[in-house]
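Everything below concerns the one structure shown next.
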Amino acid sequence: MFNRFQDILAKGKKGVGIEIAPERINIAQLRKQGQGYKLSTLYSKEVPEGIFEGGQIIDSPSLSELVGAAIVESKVKAERVATAVPMREAIIRIIPIPAELDDAELKDLLLNHEAGLYLPYPREEVDLDYQKLGFFVDEDGIEKVQVLLVATRREITDAYLDTFKLLNLQVDVLEINSFALIRTIRDELRKFSSQEAAVLVDIEFDSTEIAIIVDGVPQFSRTVPIGTYQLQGALSRAMNLPTSRNTELLQGMTIPNTQADAEHTGVTGINPGMAALVRVLGELADELRRSIDFYLNQSDNLEVAQLLLAGPGGGIGQLDEFFNQRLSLPATQVDPVAALSLEIDHDIPSVQRPALGTVLGLGLREV
């Protein structure tokens, strides 16, 4: 089926945004208020071990029970939901297509010809969707249109859809989590020109998703197997503490960014936990540098304007300054509440805000 992605860039109906991650379920419901939005519901529930394996759902019935419990506990009232699959499970490509094709011809070309050239799986095992972006004239003077193609394996799509089907909930928006995050920070992305790239660094539970974005569209994506679980694991082992799926310990950390800071906080021998944490963050910085260099080497007249740090690990204290010094690039920690000028009834600590980008982007689809 072609439309199982439920129109990845279309507008949803009144419902609720539900983000499902290996360690948590996040629920957000927004409502329009004047020219902006008000956060009417924000709720999070932990996911125990055994529901996910390697970042993929392996127990949809148990996950469905958890989602159902979270909905009851959050007191949201909705029959429709917007949810997302991880970027690492998706294939995202921008394809130039002749502009003279009408919509039917474009669909036939993508489904029956072009898509197969970009998919590492048989076409019948994949769900996909596409969206026209903009027109351009190629070096031969032929007018073409850029088309954003998004695909994922059907077994991945099924796992998310089945989770909600068991609850008799209608999924009217199923997209890629990075798209939801981009929606949340779209005003920030509009500040950059067509020659400036923003690097979205989404530090999740067991991986970091890197997306290089130009003109609001991801041009390059990569997943690195370093997340908050690996960061806290290094910290815990160095401090002789048991490893835990609960990574709240990280939220109280502040990363030293200069040699003076390191000596002051005891990274050099006095605090082995901090030293271990900095070493793993250094590995992540190296992977970021490789990804950026790889993309820039294939792009003409393009520069990286900003690193945008998001996800549960994006709010670690002074992480923006750490990456700024390690990579010599400006970095900032994403604040989805401020990005949306969101009205909230209760304050949300700054260290927790970068983790809300995806679920708030899903909530926006349902306003």
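Lettering and numbering for the structure tokens are positional, with chains as A, B, ... in the shown order, residues counted from 1 in each chain, and ligands counted from 1 in the shown order.
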Surrounding residues of Asp215 of chain A excluding itself and chain neighbours under 6 positions, 9 Å, only C-alpha atoms, as a count of residues only: 8
Measuring between only C-alpha atoms, which one of A:Gln298, A:Leu149, A:Lys38, A:Pro22 shows the shortest distance to Gly54 of chain A? A:Pro22
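Minimum distance to Gly50 of chain A across A:Ile348, A:Arg245, A:Met239, A:Phe164 (counting only C-alpha atoms) occurs at A:Arg245.
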Report, in Å to a single decimal, how far apart atom CA of Arg31 of chain A and atom CA of Leu364 of chain A are. 8.5 Å
Which residues of segment 161-187 of chain A have any atom within 12 Å of an atom in segment 199-210 of chain A when counting only C-alpha atoms, and what is the closest pair of atoms for each, with the distance in Å to one decimal? Order the rows by chain and rising number and write it as a tab-separated table.
residue	atom	partner	partner_atom	distance
A:Ile176	CA	A:Glu209	CA	11.6
A:Asn177	CA	A:Glu209	CA	9.8
A:Ser178	CA	A:Glu209	CA	8.2
A:Phe179	CA	A:Leu200	CA	11.0
A:Ala180	CA	A:Asp202	CA	11.9
A:Leu181	CA	A:Asp202	CA	8.9
A:Ile182	CA	A:Leu200	CA	8.6
A:Ile185	CA	A:Leu200	CA	10.2
A:Arg186	CA	A:Leu200	CA	11.8
Just write the chosen residues, all heavy atoms, as a PDB file, in the first residue's frame.
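Below is the file result-v5.pdb, written as the result:
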ATOM      1  N   ILE A 176       8.167  10.295  10.094  1.00  0.00           N
ATOM      2  CA  ILE A 176       9.505  10.037  10.605  1.00  0.00           C
ATOM      3  C   ILE A 176       9.767  11.015  11.750  1.00  0.00           C
ATOM      4  O   ILE A 176       9.422  12.197  11.659  1.00  0.00           O
ATOM      5  CB  ILE A 176      10.562  10.222   9.499  1.00  0.00           C
ATOM      6  CG1 ILE A 176      10.173   9.395   8.255  1.00  0.00           C
ATOM      7  CG2 ILE A 176      11.937   9.822  10.000  1.00  0.00           C
ATOM      8  CD1 ILE A 176       9.992   7.927   8.511  1.00  0.00           C
ATOM      9  N   ASN A 177      10.381  10.554  12.838  1.00  0.00           N
ATOM     10  CA  ASN A 177      10.513  11.421  14.012  1.00  0.00           C
ATOM     11  C   ASN A 177      11.295  12.697  13.726  1.00  0.00           C
ATOM     12  O   ASN A 177      10.990  13.752  14.303  1.00  0.00           O
ATOM     13  CB  ASN A 177      11.113  10.657  15.197  1.00  0.00           C
ATOM     14  CG  ASN A 177      12.497  10.090  14.922  1.00  0.00           C
ATOM     15  OD1 ASN A 177      13.067  10.252  13.834  1.00  0.00           O
ATOM     16  ND2 ASN A 177      13.050   9.397  15.902  1.00  0.00           N
ATOM     17  N   SER A 178      12.280  12.638  12.839  1.00  0.00           N
ATOM     18  CA  SER A 178      13.038  13.852  12.539  1.00  0.00           C
ATOM     19  C   SER A 178      12.163  14.894  11.856  1.00  0.00           C
ATOM     20  O   SER A 178      12.382  16.103  12.018  1.00  0.00           O
ATOM     21  CB  SER A 178      14.254  13.536  11.668  1.00  0.00           C
ATOM     22  OG  SER A 178      13.868  12.918  10.456  1.00  0.00           O
ATOM     23  N   PHE A 179      11.145  14.468  11.088  1.00  0.00           N
ATOM     24  CA  PHE A 179      10.241  15.420  10.453  1.00  0.00           C
ATOM     25  C   PHE A 179       9.417  16.155  11.515  1.00  0.00           C
ATOM     26  O   PHE A 179       9.155  17.358  11.397  1.00  0.00           O
ATOM     27  CB  PHE A 179       9.307  14.720   9.480  1.00  0.00           C
ATOM     28  CG  PHE A 179       9.966  14.257   8.206  1.00  0.00           C
ATOM     29  CD1 PHE A 179      11.338  14.109   8.127  1.00  0.00           C
ATOM     30  CD2 PHE A 179       9.217  13.951   7.091  1.00  0.00           C
ATOM     31  CE1 PHE A 179      11.951  13.681   6.957  1.00  0.00           C
ATOM     32  CE2 PHE A 179       9.812  13.520   5.910  1.00  0.00           C
ATOM     33  CZ  PHE A 179      11.181  13.378   5.850  1.00  0.00           C
ATOM     34  N   ALA A 180       8.983  15.416  12.548  1.00  0.00           N
ATOM     35  CA  ALA A 180       8.231  16.051  13.632  1.00  0.00           C
ATOM     36  C   ALA A 180       9.100  17.061  14.356  1.00  0.00           C
ATOM     37  O   ALA A 180       8.650  18.170  14.702  1.00  0.00           O
ATOM     38  CB  ALA A 180       7.723  14.993  14.605  1.00  0.00           C
ATOM     39  N   LEU A 181      10.347  16.710  14.590  1.00  0.00           N
ATOM     40  CA  LEU A 181      11.273  17.612  15.260  1.00  0.00           C
ATOM     41  C   LEU A 181      11.539  18.854  14.424  1.00  0.00           C
ATOM     42  O   LEU A 181      11.579  19.987  14.939  1.00  0.00           O
ATOM     43  CB  LEU A 181      12.569  16.862  15.563  1.00  0.00           C
ATOM     44  CG  LEU A 181      13.685  17.593  16.307  1.00  0.00           C
ATOM     45  CD1 LEU A 181      13.169  18.296  17.548  1.00  0.00           C
ATOM     46  CD2 LEU A 181      14.790  16.610  16.672  1.00  0.00           C
ATOM     47  N   ILE A 182      11.709  18.660  13.117  1.00  0.00           N
ATOM     48  CA  ILE A 182      11.926  19.800  12.219  1.00  0.00           C
ATOM     49  C   ILE A 182      10.722  20.741  12.242  1.00  0.00           C
ATOM     50  O   ILE A 182      10.863  21.964  12.208  1.00  0.00           O
ATOM     51  CB  ILE A 182      12.211  19.295  10.784  1.00  0.00           C
ATOM     52  CG1 ILE A 182      13.617  18.672  10.728  1.00  0.00           C
ATOM     53  CG2 ILE A 182      12.080  20.413   9.757  1.00  0.00           C
ATOM     54  CD1 ILE A 182      13.903  17.929   9.437  1.00  0.00           C
ATOM     55  N   ILE A 185      10.891  23.166  15.175  1.00  0.00           N
ATOM     56  CA  ILE A 185      11.896  24.230  15.135  1.00  0.00           C
ATOM     57  C   ILE A 185      11.953  24.917  13.768  1.00  0.00           C
ATOM     58  O   ILE A 185      12.961  25.522  13.414  1.00  0.00           O
ATOM     59  CB  ILE A 185      13.290  23.677  15.498  1.00  0.00           C
ATOM     60  CG1 ILE A 185      13.711  22.566  14.521  1.00  0.00           C
ATOM     61  CG2 ILE A 185      13.295  23.149  16.936  1.00  0.00           C
ATOM     62  CD1 ILE A 185      15.155  22.118  14.691  1.00  0.00           C
ATOM     63  N   ARG A 186      10.872  24.851  13.002  1.00  0.00           N
ATOM     64  CA  ARG A 186      10.892  25.378  11.631  1.00  0.00           C
ATOM     65  C   ARG A 186      11.216  26.868  11.587  1.00  0.00           C
ATOM     66  O   ARG A 186      11.884  27.340  10.655  1.00  0.00           O
ATOM     67  CB  ARG A 186       9.570  25.099  10.938  1.00  0.00           C
ATOM     68  CG  ARG A 186       8.355  25.656  11.639  1.00  0.00           C
ATOM     69  CD  ARG A 186       7.075  25.109  11.054  1.00  0.00           C
ATOM     70  NE  ARG A 186       5.912  25.451  11.880  1.00  0.00           N
ATOM     71  CZ  ARG A 186       4.729  24.910  11.739  1.00  0.00           C
ATOM     72  NH1 ARG A 186       4.532  24.014  10.790  1.00  0.00           N
ATOM     73  NH2 ARG A 186       3.735  25.244  12.522  1.00  0.00           N
TER      74      ARG A 186
END
Which of these, A:Ile20, A:Val173, A:Leu281, A:Ile95, has the shortest distance to Pro225 of chain A once you count only C-alpha atoms? A:Leu281
Give the strand (DSSP E) residues of segment 128-367 of chain A, as assigned by DSSP on the backbone, as a PyMOL selection string. chain A and resi 128-137+143-153+170-176+196-203+208-214+217-224+303-310+331-333
Residue contacts of Glu155 of chain A (12 Å, only C-alpha atoms) excluding same-chain residues fewer than 6 positions away, as a list in words: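 Here the qualifying residues turn out to be Arg4, Gln56, Ile57, Ile58, Ser60, Val85, Glu89, Tyr121, Glu124, Glu125, Val126, Asp127, Leu161 and Asp162 of chain A.
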Filtering to C-alpha atoms, could you give me those residues as a short mmCIF file (atom, residue, chain, number, x, y, z; two decimals), in the first residue's frame?
data_model
loop_
_atom_site.label_atom_id
_atom_site.label_comp_id
_atom_site.auth_asym_id
_atom_site.auth_seq_id
_atom_site.Cartn_x
_atom_site.Cartn_y
_atom_site.Cartn_z
CA ARG A 4 0.40 3.78 4.87
CA GLN A 56 12.79 -1.99 17.14
CA ILE A 57 9.47 -3.02 18.68
CA ILE A 58 9.45 -6.75 19.46
CA SER A 60 3.51 -4.86 20.29
CA VAL A 85 9.00 5.80 13.38
CA GLU A 89 14.48 2.93 10.12
CA TYR A 121 14.71 -3.99 0.03
CA GLU A 124 6.71 -5.00 -2.06
CA GLU A 125 8.27 -5.04 1.44
CA VAL A 126 8.34 -1.25 1.74
CA ASP A 127 5.89 1.52 2.60
CA LEU A 161 0.26 0.58 13.51
CA ASP A 162 -0.51 -2.67 15.32
#
One decimal, in Å: what's the spacing between atom CA of Leu66 of chain A and atom CA of Lys165 of chain A?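 About the pair atom CA of Leu66 of chain A and atom CA of Lys165 of chain A: they are 13.5 Å apart.
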Using only C-alpha atoms, find the one residue out of A:Asp293, A:Asp103, A:Asp187, A:Glu139 that sits nearest to Ser341 of chain A. A:Asp187
Run DSSP on the backbone of this structure and report the residues of segment 77-321 of chain A it assigns to helix (DSSP H, G or I), as a ChimeraX atom specification. /A:87-89,103-118,123-125,154-165,177-184,186-189,228-238,248-251,259-265,272-296,319-321
With distances taken over only C-alpha atoms, which of A:Pro61, A:Gly141, A:Gly252, A:Pro330 is nearest to Ala99 of chain A? A:Gly141
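Using only C-alpha atoms, the smallest distance between any of A:Leu362, A:Ile25, A:Leu231, A:Ala338 and Thr243 of chain A comes from A:Leu231.
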Give me the residues near Gln318 of chain A as a PyMOL selection string, where near means some atom within 10 Å (using only C-alpha atoms) and where sequence neighbours in that chain fewer than 5 positions away do not count. chain A and resi 253-257+323-324+332-333
Would you list the contacts of Glu73 of chain A as number ranges by chain, taking every protein, DNA or RNA residue within 12 Å and counting only C-alpha atoms, but skipping same-chain residues closer than 3 positions in sequence? A: 25-27, 41-45, 66-70, 76-77
With a distance cut-off of 12 Å and only C-alpha atoms, select the neighbouring residues of Ser328 of chain A, excluding the residue or stretch itself and same-chain residues fewer than 6 positions from it, and output the selection as a CSV table (one decimal) with all heavy atoms, in the first residue's frame.
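Final file, out-v1.csv:
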chain,number,residue,atom,x,y,z
A,285,ALA,N,31.4,13.5,19.1
A,285,ALA,CA,31.9,14.6,18.4
A,285,ALA,C,32.6,14.2,17.1
A,285,ALA,O,32.5,14.8,16.1
A,285,ALA,CB,32.7,15.5,19.3
A,288,LEU,N,30.3,13.1,14.5
A,288,LEU,CA,29.6,14.3,13.9
A,288,LEU,C,30.5,14.9,12.9
A,288,LEU,O,30.1,15.3,11.8
A,288,LEU,CB,29.3,15.3,15.0
A,288,LEU,CG,27.9,15.2,15.7
A,288,LEU,CD1,27.9,16.1,16.9
A,288,LEU,CD2,26.8,15.6,14.7
A,289,ARG,N,31.8,15.1,13.2
A,289,ARG,CA,32.7,15.7,12.3
A,289,ARG,C,32.8,14.9,11.0
A,289,ARG,O,32.8,15.4,9.9
A,289,ARG,CB,34.1,15.8,13.0
A,289,ARG,CG,35.3,16.2,12.0
A,289,ARG,CD,35.0,17.5,11.3
A,289,ARG,NE,35.0,18.6,12.2
A,289,ARG,CZ,34.6,19.8,11.8
A,289,ARG,NH1,34.1,20.0,10.6
A,289,ARG,NH2,34.6,20.8,12.7
A,304,VAL,N,28.2,24.9,7.2
A,304,VAL,CA,27.4,24.6,8.3
A,304,VAL,C,27.3,25.8,9.2
A,304,VAL,O,28.3,26.3,9.7
A,304,VAL,CB,28.0,23.4,9.1
A,304,VAL,CG1,27.3,23.2,10.4
A,304,VAL,CG2,28.0,22.1,8.3
A,305,ALA,N,26.1,26.2,9.4
A,305,ALA,CA,25.8,27.5,10.2
A,305,ALA,C,25.6,27.2,11.7
A,305,ALA,O,25.8,28.0,12.5
A,305,ALA,CB,24.6,28.2,9.6
A,306,GLN,N,25.0,26.0,12.0
A,306,GLN,CA,24.6,25.8,13.4
A,306,GLN,C,24.4,24.3,13.7
A,306,GLN,O,24.0,23.5,12.8
A,306,GLN,CB,23.3,26.5,13.7
A,306,GLN,CG,22.8,26.5,15.1
A,306,GLN,CD,23.4,27.7,15.9
A,306,GLN,OE1,23.3,28.8,15.4
A,306,GLN,NE2,23.9,27.4,17.0
A,307,LEU,N,24.9,23.8,14.9
A,307,LEU,CA,24.5,22.5,15.4
A,307,LEU,C,23.3,22.8,16.3
A,307,LEU,O,23.3,23.7,17.2
A,307,LEU,CB,25.6,21.9,16.2
A,307,LEU,CG,26.9,21.6,15.5
A,307,LEU,CD1,27.9,21.0,16.5
A,307,LEU,CD2,26.7,20.6,14.4
A,320,ASP,N,26.3,22.3,24.6
A,320,ASP,CA,26.5,23.1,23.4
A,320,ASP,C,27.9,23.7,23.4
A,320,ASP,O,28.5,23.8,22.3
A,320,ASP,CB,25.4,24.2,23.4
A,320,ASP,CG,25.3,25.0,24.7
A,320,ASP,OD1,25.9,24.5,25.7
A,320,ASP,OD2,24.7,26.0,24.7
A,321,GLU,N,28.4,24.1,24.5
A,321,GLU,CA,29.8,24.7,24.5
A,321,GLU,C,30.8,23.6,24.3
A,321,GLU,O,31.9,23.9,23.6
A,321,GLU,CB,30.0,25.4,25.9
A,321,GLU,CG,29.1,26.6,26.2
A,321,GLU,CD,29.4,27.2,27.5
A,321,GLU,OE1,30.5,27.1,28.0
A,321,GLU,OE2,28.5,27.8,28.1
A,322,PHE,N,30.6,22.4,24.7
A,322,PHE,CA,31.5,21.3,24.5
A,322,PHE,C,31.6,21.0,23.0
A,322,PHE,O,32.8,21.0,22.5
A,322,PHE,CB,31.0,20.0,25.2
A,322,PHE,CG,31.8,18.8,24.9
A,322,PHE,CD1,33.0,18.6,25.6
A,322,PHE,CD2,31.4,17.9,23.9
A,322,PHE,CE1,33.7,17.4,25.3
A,322,PHE,CE2,32.2,16.8,23.6
A,322,PHE,CZ,33.3,16.5,24.4
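The gap separating atom CA of Thr247 of chain A from atom CA of Leu342 of chain A is 26.2 Å, in Å to one decimal.
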